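Report on the structure given below.
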Amino acid sequence: MSKIVRATREHLGPIARLMATAPLLRRYRVTARGARANLAEALRERDTVLVALDGNAVVGLAWLIQTRALDRAAYLRLLLVAESHQSRGVGAALLARGEREARASGCRHVVMLVTKTNRRARSFYERHGYVHIGDLPGFVRAGIAESLYLKSWRA
């Protein structure tokens with residue numbers, strides 16, 4: 001099982017490379033340089049950025065942004081696991097840790113967008129208690145439809 005820790009500046013390069021090589025993120029034109037800049041900003045803004053480590057290698061990432069919007073929701077910006085480590089519980093462990101941290105900081109919900117055609121991810125989130133709210137065609141990038149998901153702890 002991978003070890004999950006809070007990301008530090010030393011993790012930025014390996015996380016950015018993981019993001020830039022992910023097939024799904026290539027559809028969104030994510031580059032290592034752009035990912036590194038966005039992650040550096042996330043650390044400065046104190047977003048919750050968690051990494052899964054196999055030894056010293058970064059094999060997964062969960063990135064949540066806590067907000068007062070939408071009745072104190074945390075936005076799960078990204079949950080990503082290296083293809084070599086998928087179906088081993090890494091994603092579930094990252095998601096559970098991210099949810100715990102969001103809840104502990106006062107968030108009442110987690111919201112996220114999932115690429116509508118990514119059936120595997122949609123099924124994963126539904127198994128973990130997320131509800132499909134609706135679809136947003138072209139919201140993030142023209143030609144790609146997103147599905148909005150929500151998990152709440154309080155009514």
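Note on naming: chains are A, B, ... as they come in the structure tokens, residues start from 1 per chain, ligands start from 1 in the order shown.
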
Can you pull out the residues contacting stretch 107-120 of chain A? Cut-off 7 Å, using only C-alpha atoms, and skip same-chain residues under 2 positions away; I want them as number ranges by chain.
A: 71-77, 102-103, 105, 122-124, 145-154

Quick one: residues within 9 Å of stretch 37-54 of chain A, only C-alpha atoms counted, chain neighbours fewer than 3 positions away excluded, as a VMD selection string?
chain A and resid 1 to 9 11 to 12 15 to 16 32 to 34 57 to 66 81 90 to 91 93 to 94 97 to 98 101 to 102

If you run DSSP on the backbone here, which positions in chain A get strand (DSSP E)? Please write them as number ranges by chain.
A: 3-6, 48-54, 57-66, 73-81, 109-115, 131-141, 144-152

Next, write the just-selected residues to a file, as a PDB file, in the first residue's frame, keeping C-alpha atoms as the atom set.
ATOM      1  CA  LYS A   3       1.943   6.065   1.866  1.00  0.00           C
ATOM      2  CA  ILE A   4      -0.132   9.262   1.657  1.00  0.00           C
ATOM      3  CA  VAL A   5       1.427  12.566   2.691  1.00  0.00           C
ATOM      4  CA  ARG A   6       0.831  16.273   2.201  1.00  0.00           C
ATOM      5  CA  THR A  48      -5.133  20.326   0.185  1.00  0.00           C
ATOM      6  CA  VAL A  49      -2.636  18.568  -2.076  1.00  0.00           C
ATOM      7  CA  LEU A  50      -1.964  14.966  -1.118  1.00  0.00           C
ATOM      8  CA  VAL A  51       0.448  12.560  -2.780  1.00  0.00           C
ATOM      9  CA  ALA A  52       0.616   8.790  -2.700  1.00  0.00           C
ATOM     10  CA  LEU A  53       4.185   7.527  -2.521  1.00  0.00           C
ATOM     11  CA  ASP A  54       5.515   4.098  -3.451  1.00  0.00           C
ATOM     12  CA  ALA A  57       8.024   7.728  -6.243  1.00  0.00           C
ATOM     13  CA  VAL A  58       4.861   9.817  -6.566  1.00  0.00           C
ATOM     14  CA  VAL A  59       2.142   7.445  -7.824  1.00  0.00           C
ATOM     15  CA  GLY A  60      -0.983   9.448  -7.074  1.00  0.00           C
ATOM     16  CA  LEU A  61      -2.423  12.817  -6.212  1.00  0.00           C
ATOM     17  CA  ALA A  62      -5.561  14.292  -4.664  1.00  0.00           C
ATOM     18  CA  TRP A  63      -6.085  18.047  -4.925  1.00  0.00           C
ATOM     19  CA  LEU A  64      -8.947  19.690  -3.054  1.00  0.00           C
ATOM     20  CA  ILE A  65      -9.812  23.369  -2.770  1.00  0.00           C
ATOM     21  CA  GLN A  66     -11.794  24.326   0.305  1.00  0.00           C
ATOM     22  CA  ALA A  73     -18.042  22.705  -0.263  1.00  0.00           C
ATOM     23  CA  ALA A  74     -14.596  21.412  -1.064  1.00  0.00           C
ATOM     24  CA  TYR A  75     -13.882  21.147  -4.780  1.00  0.00           C
ATOM     25  CA  LEU A  76     -11.993  18.010  -5.776  1.00  0.00           C
ATOM     26  CA  ARG A  77      -9.956  19.517  -8.586  1.00  0.00           C
ATOM     27  CA  LEU A  78      -8.050  16.338  -9.373  1.00  0.00           C
ATOM     28  CA  LEU A  79      -7.692  12.740  -8.267  1.00  0.00           C
ATOM     29  CA  LEU A  80      -5.059  10.960 -10.313  1.00  0.00           C
ATOM     30  CA  VAL A  81      -3.285   7.633  -9.960  1.00  0.00           C
ATOM     31  CA  HIS A 109     -19.733  18.616   0.855  1.00  0.00           C
ATOM     32  CA  VAL A 110     -17.290  17.655  -1.857  1.00  0.00           C
ATOM     33  CA  VAL A 111     -18.101  18.600  -5.441  1.00  0.00           C
ATOM     34  CA  MET A 112     -16.228  17.605  -8.577  1.00  0.00           C
ATOM     35  CA  LEU A 113     -16.350  17.429 -12.331  1.00  0.00           C
ATOM     36  CA  VAL A 114     -15.695  14.140 -14.093  1.00  0.00           C
ATOM     37  CA  THR A 115     -15.269  13.799 -17.838  1.00  0.00           C
ATOM     38  CA  VAL A 131     -24.249  11.448  -6.665  1.00  0.00           C
ATOM     39  CA  HIS A 132     -24.440  12.564 -10.299  1.00  0.00           C
ATOM     40  CA  ILE A 133     -26.089  15.995 -10.314  1.00  0.00           C
ATOM     41  CA  GLY A 134     -25.998  16.854 -14.023  1.00  0.00           C
ATOM     42  CA  ASP A 135     -23.865  17.411 -17.080  1.00  0.00           C
ATOM     43  CA  LEU A 136     -22.019  20.516 -18.261  1.00  0.00           C
ATOM     44  CA  PRO A 137     -21.076  20.211 -21.945  1.00  0.00           C
ATOM     45  CA  GLY A 138     -18.072  22.314 -22.911  1.00  0.00           C
ATOM     46  CA  PHE A 139     -17.743  23.846 -19.442  1.00  0.00           C
ATOM     47  CA  VAL A 140     -14.002  23.247 -18.979  1.00  0.00           C
ATOM     48  CA  ARG A 141     -12.940  22.741 -22.591  1.00  0.00           C
ATOM     49  CA  ILE A 144     -15.608  17.816 -23.760  1.00  0.00           C
ATOM     50  CA  ALA A 145     -18.666  17.250 -21.567  1.00  0.00           C
ATOM     51  CA  GLU A 146     -18.248  17.155 -17.793  1.00  0.00           C
ATOM     52  CA  SER A 147     -20.502  15.540 -15.192  1.00  0.00           C
ATOM     53  CA  LEU A 148     -21.023  17.255 -11.848  1.00  0.00           C
ATOM     54  CA  TYR A 149     -20.867  15.012  -8.756  1.00  0.00           C
ATOM     55  CA  LEU A 150     -21.631  15.754  -5.112  1.00  0.00           C
ATOM     56  CA  LYS A 151     -21.109  14.033  -1.783  1.00  0.00           C
ATOM     57  CA  SER A 152     -22.657  15.583   1.321  1.00  0.00           C
TER      58      SER A 152
END

Members of chain A assigned alpha helix (DSSP H) by DSSP, as a PyMOL selection string
chain A and resi 12-21+23-27+32-44+69-72+90-104+119-127

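Distance annotation: of A:Ala22, A:Ala35, A:Arg127, A:Arg29, the residue with the minimal separation from A:Ser84 is A:Ala22; atom set is only C-alpha atoms.
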
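The closest residue to A:Glu99, picked from A:Tyr130, A:Ala121, A:Ala20, A:Thr31 and counting only C-alpha atoms, is A:Tyr130.
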
Return the single residue from A:Leu70, A:Gly129, A:Gly143, A:Ala82 that is closest to A:Leu95, with distances computed using only C-alpha atoms.
A:Gly129

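The smallest atom-to-atom distance between A:Glu126 and any of A:Gly106, A:Arg36, A:Met19, A:Ala92, using only C-alpha atoms, is found for A:Ala92.
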
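Using only C-alpha atoms, the shortest contact distance between A:Asn56 and any of A:Ala142, A:Arg100, A:Pro23, A:Glu10 is found at A:Glu10.
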
Interatomic distance (Å, one decimal) between atom CA of A:Gly13 and atom CA of A:Ala96:
24.3 Å

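The space separating atom CA of A:Arg26 from atom CA of A:His85 comes to 18.8 Å.
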